[in-house]
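Data block below; observations after.
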Amino acid sequence: MMPNYVDFPPIAKSLSAPPSFLGESGDLDQPIVAWAGHLDNSVPLGPCNHPRAHLVFCFDGGMRVEIGDDRWFIPDRHGIWIPPETQCQITTTSLIEFQSFYIHSRYAANVDMPEQPTVVRATPLIRGIARRLAPQAKGLLTMPERQRLEWVALDEIPRLEQSDLCLPGARDPRVAAAITHLLSDPANAGNLARLADQIGTSERTLGRLFQTETGLNWREWRDRMRFLLALEGLQKGLNSKSLAVRLGYSSPSAFTAAFRRRAGMSPSQWRRHN
C-alpha cells in the first residue's frame with residue numbers, strides 16, 4: 001500500500017540546489033526525475049541546458065526565468081514548462097519551495113505541451129507528486145509505485161492551466177538597453193522620448209524598434225511589464241499605493257484600474273485568489 005502523504009518527510013529547509021545536469025539525478029532512462037526543496041535568492045540556478053524537458057514550480061514566493069532574450073515572471077503556485085535543450089537562467093525573489101521535474105525527451109515528445117516555454121498553474125496533485133518522487137522520500141515508495149506516479153504526472157502536466165506571463169526581450173542593443181533600464185527603474189516608464197534620449201536614439205526609432213523586436217508596441221510592452229512587476233510586488237506584500245509609485249502610475253486608483261483591465265480583478269482580489 002502506498003504511504004499516506006503525511007508519512008513523507010517534510011521538504012528540507014537546507015538550501016542545496018537541484019541537480020545542475022541529469023547525470024546527478026539518477027537513472028538516465030527514468031521517464032521523470034523529480035526534485036523538491038527550499039531555495040532562496042542566494043542559490044544560483046543556471047544557466048542550465050537539459051537534454052530533458054524541464055518543468056519547474058515555485059510555492060510561497062516567486063521567481064524569474066530568462067530564456068534567450070525573454071523573461072518569464074512566475075508567481076506563487078505557478079511554474080514554467082521548458083522544452084528539451086533549452087538554456088535557461090532561474091532566479092528566485094525570496095525563500096520558496098522549489099520543485100522541478102526532468103522529463104525524458106522520449107516521453108516529453110508525447111506530452112501535449114507547447115514547443116515554446118509556457119507558464120502553468122500548479123495543482124495540489126502535481127505538487128504532491130513532486131514531493132513523493134523527491135530524493136528525500138527515497139525508500140518510501142516501491143519501484144512500481146514510483147512508476148505509477150510518474151505516469152500520473154505525465155497525464156497531469158498537459159491539463160495544467162496555462163498563462164501568458166512572458167515579457168519579450170530584444171536583440172537590438174538599443175532596445176535591450178531600454179529594457180534593462182526600465183526593469184531597474186520602472187517608475188520612469190511613462191516617457192518614451194526621455195527613455196530614447198537616455199540610450200542615445202530618437203523616440204520614433206525606439207518606438208519602431210520595440211514593435212519590430214518584441215512584437216508589441218511601446219505602450220503594450222510597458223503595460224505588460226508593469227503588470228508582471230505588479231504581480232511580483234503583490235507576492236511580496238506591497239499595497240496598491242506602493243506599487244503605483246514604484247511602477248510610475250499617477251495614483252493608486254490608476255494602478256488599480258490598469259491592473260483590473262488586465263487581470264479581470266482588483267489587486268486585493270488577485271492576492272486573495274492566489
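Naming scheme: A, B, ... for chains in displayed order of the C-alpha cells; residues 1 onward per chain; ligands 1 onward as shown.
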Compile the contact shell of Val33 of chain A as a PyMOL selection string: residues with an atom at most 7 Å away, counting only C-alpha atoms, same-chain residues fewer than 3 positions apart removed.
chain A and resi 25+30+101-103
Residues of segment 28-112 of chain A classed as strand (DSSP E or B) by DSSP on the backbone are to be reported as an NGL selection string.
:A and (32-39 or 45-49 or 53-59 or 63-67 or 70-74 or 78-82 or 87-92 or 96-103)
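The closest residue to Leu133 of chain A, picked from A:Thr118, A:Ser251, A:Thr93, A:Ser100 and counting only C-alpha atoms, is A:Ser100.
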If you count only C-alpha atoms, which residues fall within 10 Å of segment 80-84 of chain A, apart from same-chain ones fewer than 3 positions away, as a PDB file with N, CA and C atoms, in the first residue's frame?
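In the end it all went to around01.pdb:
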ATOM      1  N   ASN A  49      21.092  23.777 -19.306  1.00  0.00           N
ATOM      2  CA  ASN A  49      20.584  23.340 -20.603  1.00  0.00           C
ATOM      3  C   ASN A  49      20.398  21.828 -20.528  1.00  0.00           C
ATOM      4  N   HIS A  50      19.156  21.397 -20.318  1.00  0.00           N
ATOM      5  CA  HIS A  50      18.890  19.986 -20.071  1.00  0.00           C
ATOM      6  C   HIS A  50      18.520  19.256 -21.353  1.00  0.00           C
ATOM      7  N   PRO A  51      18.995  18.006 -21.494  1.00  0.00           N
ATOM      8  CA  PRO A  51      18.537  17.204 -22.632  1.00  0.00           C
ATOM      9  C   PRO A  51      17.082  16.790 -22.474  1.00  0.00           C
ATOM     10  N   ARG A  52      16.572  16.881 -21.244  1.00  0.00           N
ATOM     11  CA  ARG A  52      15.167  16.576 -20.989  1.00  0.00           C
ATOM     12  C   ARG A  52      14.330  17.859 -20.989  1.00  0.00           C
ATOM     13  N   ALA A  53      13.017  17.689 -21.131  1.00  0.00           N
ATOM     14  CA  ALA A  53      12.115  18.805 -20.837  1.00  0.00           C
ATOM     15  C   ALA A  53      12.206  19.081 -19.338  1.00  0.00           C
ATOM     16  N   HIS A  54      11.920  20.301 -18.972  1.00  0.00           N
ATOM     17  CA  HIS A  54      12.100  20.740 -17.597  1.00  0.00           C
ATOM     18  C   HIS A  54      10.821  21.458 -17.186  1.00  0.00           C
ATOM     19  N   LEU A  55      10.229  21.054 -16.074  1.00  0.00           N
ATOM     20  CA  LEU A  55       9.045  21.726 -15.539  1.00  0.00           C
ATOM     21  C   LEU A  55       9.361  22.131 -14.118  1.00  0.00           C
ATOM     22  N   VAL A  56       9.376  23.442 -13.849  1.00  0.00           N
ATOM     23  CA  VAL A  56       9.738  23.926 -12.514  1.00  0.00           C
ATOM     24  C   VAL A  56       8.585  24.724 -11.925  1.00  0.00           C
ATOM     25  N   PHE A  57       8.418  24.618 -10.618  1.00  0.00           N
ATOM     26  CA  PHE A  57       7.352  25.308  -9.898  1.00  0.00           C
ATOM     27  C   PHE A  57       7.935  26.056  -8.710  1.00  0.00           C
ATOM     28  N   CYS A  58       7.225  27.125  -8.303  1.00  0.00           N
ATOM     29  CA  CYS A  58       7.574  27.812  -7.064  1.00  0.00           C
ATOM     30  C   CYS A  58       6.318  27.944  -6.207  1.00  0.00           C
ATOM     31  N   ARG A  64      11.910  34.426 -11.415  1.00  0.00           N
ATOM     32  CA  ARG A  64      12.022  34.874 -12.802  1.00  0.00           C
ATOM     33  C   ARG A  64      12.829  33.839 -13.573  1.00  0.00           C
ATOM     34  N   VAL A  65      12.440  33.653 -14.814  1.00  0.00           N
ATOM     35  CA  VAL A  65      13.154  32.723 -15.682  1.00  0.00           C
ATOM     36  C   VAL A  65      13.548  33.471 -16.949  1.00  0.00           C
ATOM     37  N   ILE A  67      15.143  33.069 -20.718  1.00  0.00           N
ATOM     38  CA  ILE A  67      15.444  32.134 -21.802  1.00  0.00           C
ATOM     39  C   ILE A  67      15.698  32.975 -23.048  1.00  0.00           C
ATOM     40  N   TRP A  72      10.307  35.426 -18.087  1.00  0.00           N
ATOM     41  CA  TRP A  72       9.014  34.986 -17.584  1.00  0.00           C
ATOM     42  C   TRP A  72       8.959  35.270 -16.092  1.00  0.00           C
ATOM     43  N   PHE A  73       7.826  35.796 -15.646  1.00  0.00           N
ATOM     44  CA  PHE A  73       7.622  36.144 -14.248  1.00  0.00           C
ATOM     45  C   PHE A  73       6.665  35.108 -13.654  1.00  0.00           C
ATOM     46  N   ILE A  74       7.153  34.310 -12.709  1.00  0.00           N
ATOM     47  CA  ILE A  74       6.401  33.168 -12.215  1.00  0.00           C
ATOM     48  C   ILE A  74       5.915  33.463 -10.792  1.00  0.00           C
ATOM     49  N   GLN A  87      18.273  26.479 -22.962  1.00  0.00           N
ATOM     50  CA  GLN A  87      19.088  27.064 -21.900  1.00  0.00           C
ATOM     51  C   GLN A  87      18.281  28.102 -21.136  1.00  0.00           C
ATOM     52  N   CYS A  88      18.327  28.028 -19.823  1.00  0.00           N
ATOM     53  CA  CYS A  88      17.549  28.950 -19.002  1.00  0.00           C
ATOM     54  C   CYS A  88      18.354  29.392 -17.788  1.00  0.00           C
ATOM     55  N   SER A 100      11.045  20.660  -9.252  1.00  0.00           N
ATOM     56  CA  SER A 100      11.402  20.502 -10.660  1.00  0.00           C
ATOM     57  C   SER A 100      11.174  19.070 -11.102  1.00  0.00           C
ATOM     58  N   PHE A 101      10.698  18.941 -12.322  1.00  0.00           N
ATOM     59  CA  PHE A 101      10.562  17.652 -12.979  1.00  0.00           C
ATOM     60  C   PHE A 101      11.463  17.664 -14.214  1.00  0.00           C
ATOM     61  N   TYR A 102      12.280  16.642 -14.372  1.00  0.00           N
ATOM     62  CA  TYR A 102      13.089  16.463 -15.571  1.00  0.00           C
ATOM     63  C   TYR A 102      12.454  15.309 -16.348  1.00  0.00           C
ATOM     64  N   ILE A 103      11.929  15.594 -17.525  1.00  0.00           N
ATOM     65  CA  ILE A 103      11.130  14.624 -18.265  1.00  0.00           C
ATOM     66  C   ILE A 103      11.910  14.150 -19.481  1.00  0.00           C
ATOM     67  N   HIS A 104      12.111  12.854 -19.563  1.00  0.00           N
ATOM     68  CA  HIS A 104      12.875  12.257 -20.653  1.00  0.00           C
ATOM     69  C   HIS A 104      12.293  12.708 -21.991  1.00  0.00           C
ATOM     70  N   SER A 105      13.163  13.079 -22.926  1.00  0.00           N
ATOM     71  CA  SER A 105      12.701  13.611 -24.216  1.00  0.00           C
ATOM     72  C   SER A 105      11.802  12.628 -24.953  1.00  0.00           C
ATOM     73  N   ALA A 108       8.543  13.313 -23.234  1.00  0.00           N
ATOM     74  CA  ALA A 108       8.113  14.702 -23.407  1.00  0.00           C
ATOM     75  C   ALA A 108       7.528  14.936 -24.790  1.00  0.00           C
ATOM     76  N   ALA A 109       8.055  14.210 -25.789  1.00  0.00           N
ATOM     77  CA  ALA A 109       7.553  14.386 -27.156  1.00  0.00           C
ATOM     78  C   ALA A 109       6.100  13.967 -27.290  1.00  0.00           C
ATOM     79  N   MET A 113       2.181  19.463 -24.896  1.00  0.00           N
ATOM     80  CA  MET A 113       2.581  20.766 -24.385  1.00  0.00           C
ATOM     81  C   MET A 113       3.176  21.587 -25.524  1.00  0.00           C
ATOM     82  N   PRO A 114       3.143  22.927 -25.402  1.00  0.00           N
ATOM     83  CA  PRO A 114       3.682  23.782 -26.471  1.00  0.00           C
ATOM     84  C   PRO A 114       5.160  23.537 -26.719  1.00  0.00           C
ATOM     85  N   GLU A 115       5.610  23.923 -27.899  1.00  0.00           N
ATOM     86  CA  GLU A 115       7.019  23.795 -28.252  1.00  0.00           C
ATOM     87  C   GLU A 115       7.848  24.956 -27.729  1.00  0.00           C
ATOM     88  N   GLN A 116       7.209  25.936 -27.107  1.00  0.00           N
ATOM     89  CA  GLN A 116       7.919  27.073 -26.539  1.00  0.00           C
ATOM     90  C   GLN A 116       7.661  27.118 -25.031  1.00  0.00           C
ATOM     91  N   PRO A 117       8.520  27.801 -24.269  1.00  0.00           N
ATOM     92  CA  PRO A 117       8.301  27.905 -22.823  1.00  0.00           C
ATOM     93  C   PRO A 117       6.906  28.448 -22.512  1.00  0.00           C
ATOM     94  N   THR A 118       6.266  27.878 -21.494  1.00  0.00           N
ATOM     95  CA  THR A 118       4.885  28.219 -21.180  1.00  0.00           C
ATOM     96  C   THR A 118       4.669  28.187 -19.671  1.00  0.00           C
ATOM     97  N   VAL A 119       4.067  29.248 -19.137  1.00  0.00           N
ATOM     98  CA  VAL A 119       3.752  29.300 -17.716  1.00  0.00           C
ATOM     99  C   VAL A 119       2.494  28.477 -17.446  1.00  0.00           C
ATOM    100  N   VAL A 120       2.525  27.694 -16.375  1.00  0.00           N
ATOM    101  CA  VAL A 120       1.382  26.862 -15.998  1.00  0.00           C
ATOM    102  C   VAL A 120       1.076  27.085 -14.517  1.00  0.00           C
ATOM    103  N   ARG A 121      -0.165  26.816 -14.163  1.00  0.00           N
ATOM    104  CA  ARG A 121      -0.597  26.925 -12.768  1.00  0.00           C
ATOM    105  C   ARG A 121      -0.532  25.547 -12.117  1.00  0.00           C
ATOM    106  N   ALA A 122       0.092  25.467 -10.952  1.00  0.00           N
ATOM    107  CA  ALA A 122       0.237  24.192 -10.260  1.00  0.00           C
ATOM    108  C   ALA A 122      -1.101  23.727  -9.704  1.00  0.00           C
ATOM    109  N   ILE A 157       0.350  16.921 -16.449  1.00  0.00           N
ATOM    110  CA  ILE A 157       1.050  18.110 -16.956  1.00  0.00           C
ATOM    111  C   ILE A 157       0.291  18.821 -18.075  1.00  0.00           C
ATOM    112  N   PRO A 158      -0.181  18.149 -19.121  1.00  0.00           N
ATOM    113  CA  PRO A 158      -0.889  18.888 -20.166  1.00  0.00           C
ATOM    114  C   PRO A 158      -2.254  19.420 -19.738  1.00  0.00           C
ATOM    115  N   GLN A 162      -2.734  27.203 -18.445  1.00  0.00           N
ATOM    116  CA  GLN A 162      -1.608  27.952 -18.988  1.00  0.00           C
ATOM    117  C   GLN A 162      -1.866  29.457 -18.934  1.00  0.00           C
ATOM    118  N   SER A 163      -0.810  30.238 -18.725  1.00  0.00           N
ATOM    119  CA  SER A 163      -0.905  31.694 -18.623  1.00  0.00           C
ATOM    120  C   SER A 163       0.201  32.337 -19.449  1.00  0.00           C
ATOM    121  N   LEU A 165       2.673  34.939 -19.214  1.00  0.00           N
ATOM    122  CA  LEU A 165       3.377  35.831 -18.300  1.00  0.00           C
ATOM    123  C   LEU A 165       4.790  36.100 -18.800  1.00  0.00           C
TER     124      LEU A 165
END
Using DSSP assignments from the backbone, pull out every residue in segment 32-271 of chain A that falls under alpha helix (DSSP H) and give it to me as a VMD selection string.
chain A and resid 105 to 108 124 to 133 143 to 156 173 to 184 192 to 199 203 to 214 218 to 235 240 to 246 252 to 263 267 to 271
Which residues of segment 213-259 of chain A have any atom within 6 Å of an atom in segment 170-192 of chain A when counting only C-alpha atoms, and what is the closest pair of atoms for each, with the distance in Å to one decimal? Order the rows by chain and rising number and write it as CSV.
residue,atom,partner,partner_atom,distance
A:Glu213,CA,A:Ala170,CA,5.3
A:Arg246,CA,A:Ala187,CA,5.1
A:Leu247,CA,A:Ala187,CA,4.4
A:Gly248,CA,A:Ala187,CA,3.8
Can you spit out the residues from that selection as a PDB file, in the first residue's frame, using all heavy atoms?
ATOM      1  N   GLU A 213      11.187  44.302 -32.575  1.00  0.00           N
ATOM      2  CA  GLU A 213      11.957  43.360 -31.772  1.00  0.00           C
ATOM      3  C   GLU A 213      11.096  42.509 -30.844  1.00  0.00           C
ATOM      4  O   GLU A 213      11.390  41.332 -30.626  1.00  0.00           O
ATOM      5  CB  GLU A 213      12.988  44.129 -30.935  1.00  0.00           C
ATOM      6  CG  GLU A 213      14.104  44.741 -31.750  1.00  0.00           C
ATOM      7  CD  GLU A 213      15.128  43.704 -32.186  1.00  0.00           C
ATOM      8  OE1 GLU A 213      15.572  42.919 -31.341  1.00  0.00           O
ATOM      9  OE2 GLU A 213      15.471  43.688 -33.376  1.00  0.00           O
ATOM     10  N   ARG A 246       6.001  52.824  -7.415  1.00  0.00           N
ATOM     11  CA  ARG A 246       7.107  52.034  -7.964  1.00  0.00           C
ATOM     12  C   ARG A 246       6.993  51.871  -9.471  1.00  0.00           C
ATOM     13  O   ARG A 246       8.014  51.841 -10.176  1.00  0.00           O
ATOM     14  CB  ARG A 246       7.140  50.665  -7.300  1.00  0.00           C
ATOM     15  CG  ARG A 246       8.146  49.711  -7.889  1.00  0.00           C
ATOM     16  CD  ARG A 246       8.224  48.420  -7.112  1.00  0.00           C
ATOM     17  NE  ARG A 246       8.829  48.620  -5.798  1.00  0.00           N
ATOM     18  CZ  ARG A 246       9.350  47.634  -5.067  1.00  0.00           C
ATOM     19  NH1 ARG A 246       9.329  46.391  -5.506  1.00  0.00           N
ATOM     20  NH2 ARG A 246       9.894  47.870  -3.894  1.00  0.00           N
ATOM     21  N   LEU A 247       5.759  51.771  -9.989  1.00  0.00           N
ATOM     22  CA  LEU A 247       5.565  51.484 -11.406  1.00  0.00           C
ATOM     23  C   LEU A 247       5.220  52.720 -12.236  1.00  0.00           C
ATOM     24  O   LEU A 247       4.950  52.601 -13.429  1.00  0.00           O
ATOM     25  CB  LEU A 247       4.467  50.429 -11.564  1.00  0.00           C
ATOM     26  CG  LEU A 247       4.759  49.091 -10.862  1.00  0.00           C
ATOM     27  CD1 LEU A 247       3.590  48.130 -11.036  1.00  0.00           C
ATOM     28  CD2 LEU A 247       6.048  48.467 -11.382  1.00  0.00           C
ATOM     29  N   GLY A 248       5.233  53.882 -11.628  1.00  0.00           N
ATOM     30  CA  GLY A 248       5.070  55.122 -12.383  1.00  0.00           C
ATOM     31  C   GLY A 248       3.640  55.496 -12.719  1.00  0.00           C
ATOM     32  O   GLY A 248       3.405  56.236 -13.682  1.00  0.00           O
TER      33      GLY A 248
END
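Reported to one decimal place, the separation of atom CA of Ala193 of chain A from atom CA of Tyr249 of chain A is 17.3 Å.
Taking atom CA of Gln269 of chain A and atom CA of Asp164 of chain A as the two end points, the separation is 19.3 Å.
Using only C-alpha atoms, the smallest distance between any of A:Val111, A:Leu167, A:Ala36, A:Leu195 and Ala134 of chain A comes from A:Ala36.
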Residue nearest His273 of chain A - candidates A:Asp70, A:Asp29, A:Asp155, A:Asp76, atoms counted: only C-alpha atoms:
A:Asp76
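Proximity of A:Ser240, A:Gln211, A:Gln99, A:Gln147 to Gly128 of chain A, computed with only C-alpha atoms, is greatest for A:Gln99.
Counting only C-alpha atoms and comparing A:Pro144, A:Gly37, A:His78, A:Arg131, the residue that lies closest to Phe98 of chain A is A:Gly37.
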Record the distance separating atom CA of Thr92 of chain A and atom CA of Asn41 of chain A, expressed in Å with one decimal.
4.9 Å
Could you pull the residues within 10 Å of segment 253-263 of chain A, counting only C-alpha atoms, minus those fewer than 6 positions along the same chain, as a PyMOL selection string?
chain A and resi 223-224+226-228+230-231+240-241+243-245+247+269-270
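Of the residues listed (A:Leu95, A:Ala130, A:Ala137, A:Leu125), A:Leu125 shows the shortest atom-to-atom separation from Glu156 of chain A; distances use only C-alpha atoms.
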Spatial neighbours of Gly215 of chain A, 9 Å, only C-alpha atoms, chain gap at least 5 places, as JSON, numbers by chain:
{"A": [168, 210, 221]}
Deliver the residues from the most recent selection as a file, using N, CA, C and O atoms, as an mmCIF file, in the first residue's frame.
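Heads up, here's the output in out-v4.cif:
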data_model
loop_
_atom_site.group_PDB
_atom_site.id
_atom_site.type_symbol
_atom_site.label_atom_id
_atom_site.label_comp_id
_atom_site.auth_asym_id
_atom_site.auth_seq_id
_atom_site.Cartn_x
_atom_site.Cartn_y
_atom_site.Cartn_z
ATOM 1 N N PRO A 168 8.605 39.899 -23.547
ATOM 2 C CA PRO A 168 9.538 39.692 -24.664
ATOM 3 C C PRO A 168 10.770 40.582 -24.548
ATOM 4 O O PRO A 168 10.685 41.739 -24.142
ATOM 5 N N PHE A 210 10.834 48.732 -30.784
ATOM 6 C CA PHE A 210 10.075 47.926 -29.825
ATOM 7 C C PHE A 210 9.092 47.016 -30.559
ATOM 8 O O PHE A 210 8.963 45.834 -30.244
ATOM 9 N N TRP A 221 4.089 46.874 -24.538
ATOM 10 C CA TRP A 221 5.203 46.280 -23.803
ATOM 11 C C TRP A 221 5.301 46.872 -22.410
ATOM 12 O O TRP A 221 5.454 46.128 -21.428
#
